[in-house]
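Below: one structure, written as structure tokens.
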Amino acid sequence: MNPPLIVRIMPLAMGILAALVHWFIPRLTRPDLYFAVTVAPGFRDSTEGRSILRRYRLEVIGVSALALPLLAACSLTRALALAPLLILLLLGGCFGAFYRARRLVLPHAVSPTTVREAQVTHGNRRIPGGWVIASGPFVLLAACAGYLRTHWSRIPARLVMHWGARGQPDRWAARSAGVVFFPLLIAAAVLLGMTLILYGIAHWLRPIYAGGPQGARESRFRRTISTLLLAVEYCIALLFSWIAIRPLLPDPYQYPPAAIAILPGLIAVAMVAILMWLGQGGSRTPPAQRLQSESPKPVGDRTDDRCWKLGVFYFNRDDPSVMVEKRFGIGYTMNFAHPLAWAILLLLLLVPIAITTSILLRHAVR
Amino acid sequence: MLRIDLASRVPVYEQIANGLRAELVAGRFGPGDRLPTVRALAIDLGVHHNTVAQAYRQLAEEGWLELKRHRGATVRERHRPSNRPDGPETFARPLRELLAKALAQGLSRQMLIRELMDSVHRLEGGVL
């Protein structure tokens with residue numbers, strides 16, 4: 001039986017979004033960073049810079065022309081299981097294009113400025129809305145757990161664990177604390193990881209500019225990304241609370257797996273659109289000419305190119321920051337030389353790890 | 001705004017202490033005000049925590065700051081010390097060297113005097 005159309009076209013939509021994002025990203029970074037390499041601010045508009053961009057985009061078109069029709073074919077046939085593989089192929093191809101472009105830019109690298117600035121103010125780093133708003137999703141999960149505990153006798157003896165592509169239940173489990181509270185525990189782990197990121201953006205992130213109009217733009221971007229993250233946290237808390245208390249809800253509210261498939265996609269698209277509109281290096285970064293007049297050397301992100309492994313993974317033992325601005329992409333990444341970065345990553349990966357482990361264990365028992 | 005240059009020959013902790021002292025002399029912080037934590041300032045500047053801690057310790061020894069565990073650095077009430085006998089010689093040499101460098105780079109005598117007087121007025125407009 002074929003899954004609903006909305007589920008079938010989701011991988012294709014994700015593929016198109018990935019291709020579009022990769023097309024625009026080189027122009028969304030700061031003018032003194034090009035393919036994750038510190039360059040003179042005018043380099044990207046030079047003949048060499050344009051030629052590298054053209055070559056990169058041709059490669060992105062090539063890999064998209066290969067992967068997207070195959071994804072479309074998957075959507076129309078029963079081979080939907082191949083879709084994740086094709087998306088990985090698309091992302092890998094785009095990364096290959098980026099890596100080749102980066103190697104072409106590296107000979108043009110210049111050293112960033114050695115000047116560092118900081119605002120000498122206490123207590124200017126806060127999560128939007130403070131801890132009251134940030135603790136909301138956890139309060140929701142706790143309330144949900146309390147509700148389940150007090151209505152334990154009303155929970156059916158058999159609980160649906162999985163739905164088919166059409167939304168029909170096809171796997172059940174006996175009622176137990178582990179089964180009933182499992183969605184809430186998973187959500188709590190993910191929310192903990194996200195809250196650490198939220199805290200990290202406020203406290204563990206080094207701004208590129210400490211003041212002036214660039215500093216104000218950066219701070220606005222930081223507030224927006226934190227607010228979006230908070231919104232996603234509330235969505236996750238609501239979704240998993242609904243999954244947990246679903247057995248106690250009347251029939252019409254027990255559904256819809258289709259919504260579960262759509263919601264993360266919609267959130268991802270909205271986040272990418274808003275962040276691209278805000279512009280990692282668009283509205284937030286001054287034009288190249290102004291940058292040049294302000295600093296004799298490129299400001300970049302003041303980190304050494306050598307600390308950026310493959311151009312995307314930041315590893316710097318001398319840097320106390322846990323989070324830094326991405327050099328290629330929108331938003332922030334972590335300093336993988338910091339143990340906290342690994343703890344956050346582990347918490348965020350807990351859901352796929354837990355789900356995969358439970359599936360593997362179930363198959364092993366069978 | 002605190003500014004340091006990692007390429008400078010002046011040690012980073014000293015640059016931090018100098019920058020903070022300038023802010024304190026100019027009166028941007030009053031007694032009881034709290035400075036950023038060592039960790040926060042180290043992250044902002046991208047330097048090791050110990051470097052910032054060393055700068056804070058130096059300012060604490062000079063009587064500018066009070067350091068308390070888990071509470072960070074608080075600005076202390078500080079009275080202007082009396083004129084030390086070795087004071088002029090301590091500052092005259094680096095000042096002479098700086099002036100020589102500026103003159104060698106082609107800056108005019110009038111410009112240097114104006115800049116020096118401006119700086120003193122700006123600083124004396126503060127707590128001292």
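Here, A, B, ... name the chains of the structure tokens in the order displayed, residue numbers run from 1 inside each chain, and ligands are numbered from 1 in the same displayed order.
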- Message: Using only C-alpha atoms and a cut-off of 8 Å, which residues of chain A sit close to chain B? Please list them as a PyMOL selection string.
- Response: chain A and resi 114-123+203-207+210-211+318-321
Serialized selection, N, CA, C and O atoms, as a compact mmCIF listing (two decimals), in the first residue's frame:
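Now in selection.txt:
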# COMPACT_ATOMS: atom_id res chain seq x y z
N THR A 114 44.54 40.07 14.31
CA THR A 114 44.87 39.52 15.63
C THR A 114 44.24 40.35 16.74
O THR A 114 44.45 40.08 17.91
N VAL A 115 43.45 41.35 16.32
CA VAL A 115 42.80 42.23 17.31
C VAL A 115 41.52 41.56 17.82
O VAL A 115 40.72 41.06 17.04
N ARG A 116 41.36 41.54 19.11
CA ARG A 116 40.14 41.00 19.72
C ARG A 116 39.47 42.09 20.55
O ARG A 116 40.17 42.88 21.19
N GLU A 117 38.15 42.08 20.54
CA GLU A 117 37.41 43.10 21.31
C GLU A 117 36.38 42.44 22.20
O GLU A 117 35.88 41.36 21.88
N ALA A 118 36.06 43.11 23.29
CA ALA A 118 35.01 42.60 24.18
C ALA A 118 34.34 43.76 24.90
O ALA A 118 34.98 44.76 25.22
N GLN A 119 33.05 43.61 25.12
CA GLN A 119 32.32 44.60 25.93
C GLN A 119 32.56 44.27 27.39
O GLN A 119 32.45 43.11 27.78
N VAL A 120 32.89 45.31 28.16
CA VAL A 120 33.13 45.05 29.59
C VAL A 120 31.83 45.34 30.34
O VAL A 120 31.66 46.39 30.95
N THR A 121 30.90 44.41 30.25
CA THR A 121 29.63 44.57 30.97
C THR A 121 29.28 43.24 31.61
O THR A 121 29.60 42.18 31.08
N HIS A 122 28.63 43.36 32.75
CA HIS A 122 28.25 42.13 33.47
C HIS A 122 26.76 41.85 33.25
O HIS A 122 25.95 42.77 33.27
N GLY A 123 26.43 40.61 33.03
CA GLY A 123 25.03 40.19 32.97
C GLY A 123 24.30 40.59 31.71
O GLY A 123 23.09 40.78 31.74
N HIS A 203 25.82 32.17 26.58
CA HIS A 203 26.98 32.26 27.48
C HIS A 203 28.29 31.73 26.93
O HIS A 203 29.35 32.09 27.42
N TRP A 204 28.26 30.81 25.97
CA TRP A 204 29.50 30.15 25.55
C TRP A 204 29.89 30.53 24.12
O TRP A 204 30.68 29.84 23.50
N LEU A 205 29.29 31.57 23.59
CA LEU A 205 29.53 31.93 22.20
C LEU A 205 30.31 33.24 22.13
O LEU A 205 29.91 34.22 22.75
N ARG A 206 31.38 33.26 21.37
CA ARG A 206 32.14 34.50 21.24
C ARG A 206 31.60 35.31 20.06
O ARG A 206 31.57 34.81 18.94
N PRO A 207 31.15 36.54 20.31
CA PRO A 207 30.70 37.34 19.17
C PRO A 207 31.88 37.75 18.29
O PRO A 207 33.01 37.84 18.78
N ALA A 210 32.23 43.10 19.03
CA ALA A 210 31.73 43.34 20.38
C ALA A 210 30.78 44.53 20.43
O ALA A 210 29.95 44.64 21.33
N GLY A 211 30.89 45.44 19.48
CA GLY A 211 30.04 46.63 19.53
C GLY A 211 29.79 47.18 18.15
O GLY A 211 30.09 46.53 17.15
N ASP A 318 42.80 25.84 22.37
CA ASP A 318 43.14 27.11 23.03
C ASP A 318 41.95 28.04 23.15
O ASP A 318 42.07 29.13 23.73
N ASP A 319 40.82 27.66 22.57
CA ASP A 319 39.65 28.53 22.57
C ASP A 319 38.67 28.09 23.67
O ASP A 319 38.19 26.95 23.63
N PRO A 320 38.38 28.97 24.65
CA PRO A 320 37.45 28.55 25.71
C PRO A 320 35.99 28.51 25.24
O PRO A 320 35.13 28.01 25.97
N SER A 321 35.68 29.04 24.04
CA SER A 321 34.29 29.03 23.56
C SER A 321 33.84 27.60 23.25
O SER A 321 34.60 26.83 22.67
- Task: From the DSSP assignment of the backbone, select every residue of segment 27-74 of chain B that is helix (DSSP H, G or I), and format the answer as a VMD selection string.
- Result: chain B and resid 38 to 45 49 to 61
- Identify, with DSSP run on backbone atoms, the residues in segment 55-298 of chain A assigned to strand (DSSP E), and express the list as a list of chain:residue names. A:Val115, A:Arg116, A:Glu117, A:Ala118, A:Arg158, A:Leu159, A:Val160, A:Met161, A:His162, A:Trp163, A:Pro169, A:Asp170, A:Arg171, A:Trp172, A:Ala173, A:Ala174
Kindly save the residues from that selection, with N, CA and C atoms included, as an mmCIF file, in the first residue's frame.
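Written output follows (again.cif):
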data_model
loop_
_atom_site.group_PDB
_atom_site.id
_atom_site.type_symbol
_atom_site.label_atom_id
_atom_site.label_comp_id
_atom_site.auth_asym_id
_atom_site.auth_seq_id
_atom_site.Cartn_x
_atom_site.Cartn_y
_atom_site.Cartn_z
ATOM 1 N N VAL A 115 43.449 41.350 16.319
ATOM 2 C CA VAL A 115 42.803 42.230 17.314
ATOM 3 C C VAL A 115 41.520 41.562 17.818
ATOM 4 N N ARG A 116 41.362 41.535 19.106
ATOM 5 C CA ARG A 116 40.136 40.996 19.718
ATOM 6 C C ARG A 116 39.474 42.089 20.554
ATOM 7 N N GLU A 117 38.147 42.083 20.541
ATOM 8 C CA GLU A 117 37.412 43.104 21.307
ATOM 9 C C GLU A 117 36.376 42.442 22.199
ATOM 10 N N ALA A 118 36.063 43.113 23.294
ATOM 11 C CA ALA A 118 35.007 42.604 24.185
ATOM 12 C C ALA A 118 34.335 43.758 24.902
ATOM 13 N N ARG A 158 -2.815 -2.689 26.296
ATOM 14 C CA ARG A 158 -1.937 -2.786 25.114
ATOM 15 C C ARG A 158 -1.835 -1.410 24.471
ATOM 16 N N LEU A 159 -0.606 -1.013 24.169
ATOM 17 C CA LEU A 159 -0.402 0.326 23.589
ATOM 18 C C LEU A 159 0.179 0.210 22.184
ATOM 19 N N VAL A 160 -0.298 1.087 21.317
ATOM 20 C CA VAL A 160 0.218 1.092 19.938
ATOM 21 C C VAL A 160 1.635 1.665 19.961
ATOM 22 N N MET A 161 2.568 0.961 19.338
ATOM 23 C CA MET A 161 3.961 1.409 19.315
ATOM 24 C C MET A 161 4.378 1.923 17.930
ATOM 25 N N HIS A 162 3.625 1.493 16.907
ATOM 26 C CA HIS A 162 4.038 1.883 15.552
ATOM 27 C C HIS A 162 2.824 1.926 14.645
ATOM 28 N N TRP A 163 2.873 2.867 13.686
ATOM 29 C CA TRP A 163 1.804 2.961 12.693
ATOM 30 C C TRP A 163 2.372 2.690 11.316
ATOM 31 N N PRO A 169 -2.354 1.226 13.016
ATOM 32 C CA PRO A 169 -1.416 0.634 13.975
ATOM 33 C C PRO A 169 -0.952 -0.745 13.490
ATOM 34 N N ASP A 170 0.360 -1.025 13.601
ATOM 35 C CA ASP A 170 0.822 -2.343 13.188
ATOM 36 C C ASP A 170 1.779 -2.978 14.212
ATOM 37 N N ARG A 171 1.975 -2.315 15.369
ATOM 38 C CA ARG A 171 2.805 -2.928 16.401
ATOM 39 C C ARG A 171 2.321 -2.452 17.778
ATOM 40 N N TRP A 172 2.248 -3.373 18.728
ATOM 41 C CA TRP A 172 1.724 -3.048 20.054
ATOM 42 C C TRP A 172 2.719 -3.488 21.144
ATOM 43 N N ALA A 173 2.530 -2.956 22.351
ATOM 44 C CA ALA A 173 3.339 -3.396 23.494
ATOM 45 C C ALA A 173 2.468 -3.358 24.745
ATOM 46 N N ALA A 174 2.821 -4.206 25.723
ATOM 47 C CA ALA A 174 2.057 -4.231 26.969
ATOM 48 C C ALA A 174 2.363 -2.979 27.791
#
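Close contacts of Ala142 of chain A, defined as residues with an atom at most 12 Å away when counting only C-alpha atoms, with chain neighbours fewer than 4 positions off set aside, comprise A:Ser135, A:Gly136, A:Pro137, A:Phe138, A:Gly146, A:Tyr147, A:Leu148, A:Arg149, A:Phe181, A:Leu184, A:Leu185, A:Ala187, A:Ala188, A:Ala237, A:Leu238, A:Phe240, A:Ser241, A:Ala244.
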Expected file: the selected residues, N, CA, C and O atoms, as a compact mmCIF listing (two decimals), in the first residue's frame:
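Full text of result-v1.txt as output:
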# COMPACT_ATOMS: atom_id res chain seq x y z
N SER A 135 12.09 27.07 30.83
CA SER A 135 11.70 25.86 31.57
C SER A 135 10.29 25.39 31.18
O SER A 135 9.88 24.29 31.57
N GLY A 136 9.56 26.20 30.39
CA GLY A 136 8.20 25.84 29.99
C GLY A 136 8.06 24.44 29.41
O GLY A 136 7.21 23.65 29.86
N PRO A 137 8.88 24.06 28.40
CA PRO A 137 8.73 22.73 27.82
C PRO A 137 8.91 21.60 28.85
O PRO A 137 8.22 20.58 28.79
N PHE A 138 9.83 21.80 29.79
CA PHE A 138 10.07 20.77 30.82
C PHE A 138 8.87 20.68 31.76
O PHE A 138 8.48 19.60 32.19
N GLY A 146 2.80 13.63 35.26
CA GLY A 146 1.92 13.62 36.43
C GLY A 146 0.52 13.15 36.05
O GLY A 146 -0.09 12.35 36.77
N TYR A 147 0.03 13.64 34.92
CA TYR A 147 -1.31 13.27 34.45
C TYR A 147 -1.38 11.76 34.18
O TYR A 147 -2.34 11.08 34.57
N LEU A 148 -0.33 11.24 33.53
CA LEU A 148 -0.29 9.80 33.22
C LEU A 148 -0.26 8.98 34.51
O LEU A 148 -0.90 7.93 34.62
N ARG A 149 0.50 9.47 35.48
CA ARG A 149 0.65 8.75 36.76
C ARG A 149 -0.70 8.67 37.49
O ARG A 149 -1.07 7.63 38.00
N PHE A 181 6.18 6.02 29.73
CA PHE A 181 6.95 7.26 29.91
C PHE A 181 8.08 7.43 28.89
O PHE A 181 8.76 8.45 28.91
N LEU A 184 8.24 10.67 26.88
CA LEU A 184 8.57 11.84 27.70
C LEU A 184 10.06 11.87 28.04
O LEU A 184 10.69 12.94 28.05
N LEU A 185 10.64 10.67 28.28
CA LEU A 185 12.07 10.62 28.61
C LEU A 185 12.92 11.03 27.41
O LEU A 185 13.88 11.79 27.55
N ALA A 187 11.93 12.94 24.94
CA ALA A 187 11.75 14.39 24.73
C ALA A 187 12.58 15.17 25.73
O ALA A 187 13.21 16.17 25.38
N ALA A 188 12.63 14.70 26.98
CA ALA A 188 13.40 15.42 28.01
C ALA A 188 14.88 15.46 27.64
O ALA A 188 15.54 16.49 27.81
N ALA A 237 7.98 19.55 22.84
CA ALA A 237 7.31 19.21 24.10
C ALA A 237 5.84 18.89 23.86
O ALA A 237 5.31 17.90 24.39
N LEU A 238 5.18 19.70 23.00
CA LEU A 238 3.76 19.46 22.70
C LEU A 238 3.57 18.14 21.97
O LEU A 238 2.67 17.36 22.29
N PHE A 240 5.57 15.41 21.82
CA PHE A 240 5.84 14.21 22.62
C PHE A 240 4.84 14.06 23.76
O PHE A 240 4.53 12.94 24.17
N SER A 241 4.32 15.17 24.27
CA SER A 241 3.27 15.09 25.29
C SER A 241 2.03 14.46 24.68
O SER A 241 1.38 13.60 25.29
N ALA A 244 2.58 10.81 24.30
CA ALA A 244 2.52 10.10 25.59
C ALA A 244 1.09 9.94 26.10
O ALA A 244 0.72 8.86 26.59
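Of note, atom CA of Arg55 of chain A and atom CA of Met276 of chain A are spaced 22.5 Å apart.
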- Between atom CA of Trp277 of chain A and atom CA of Ala109 of chain A, what is the distance, to one decimal in Å?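 Interatomic distance, atom CA of Trp277 of chain A to atom CA of Ala109 of chain A: 28.1 Å.
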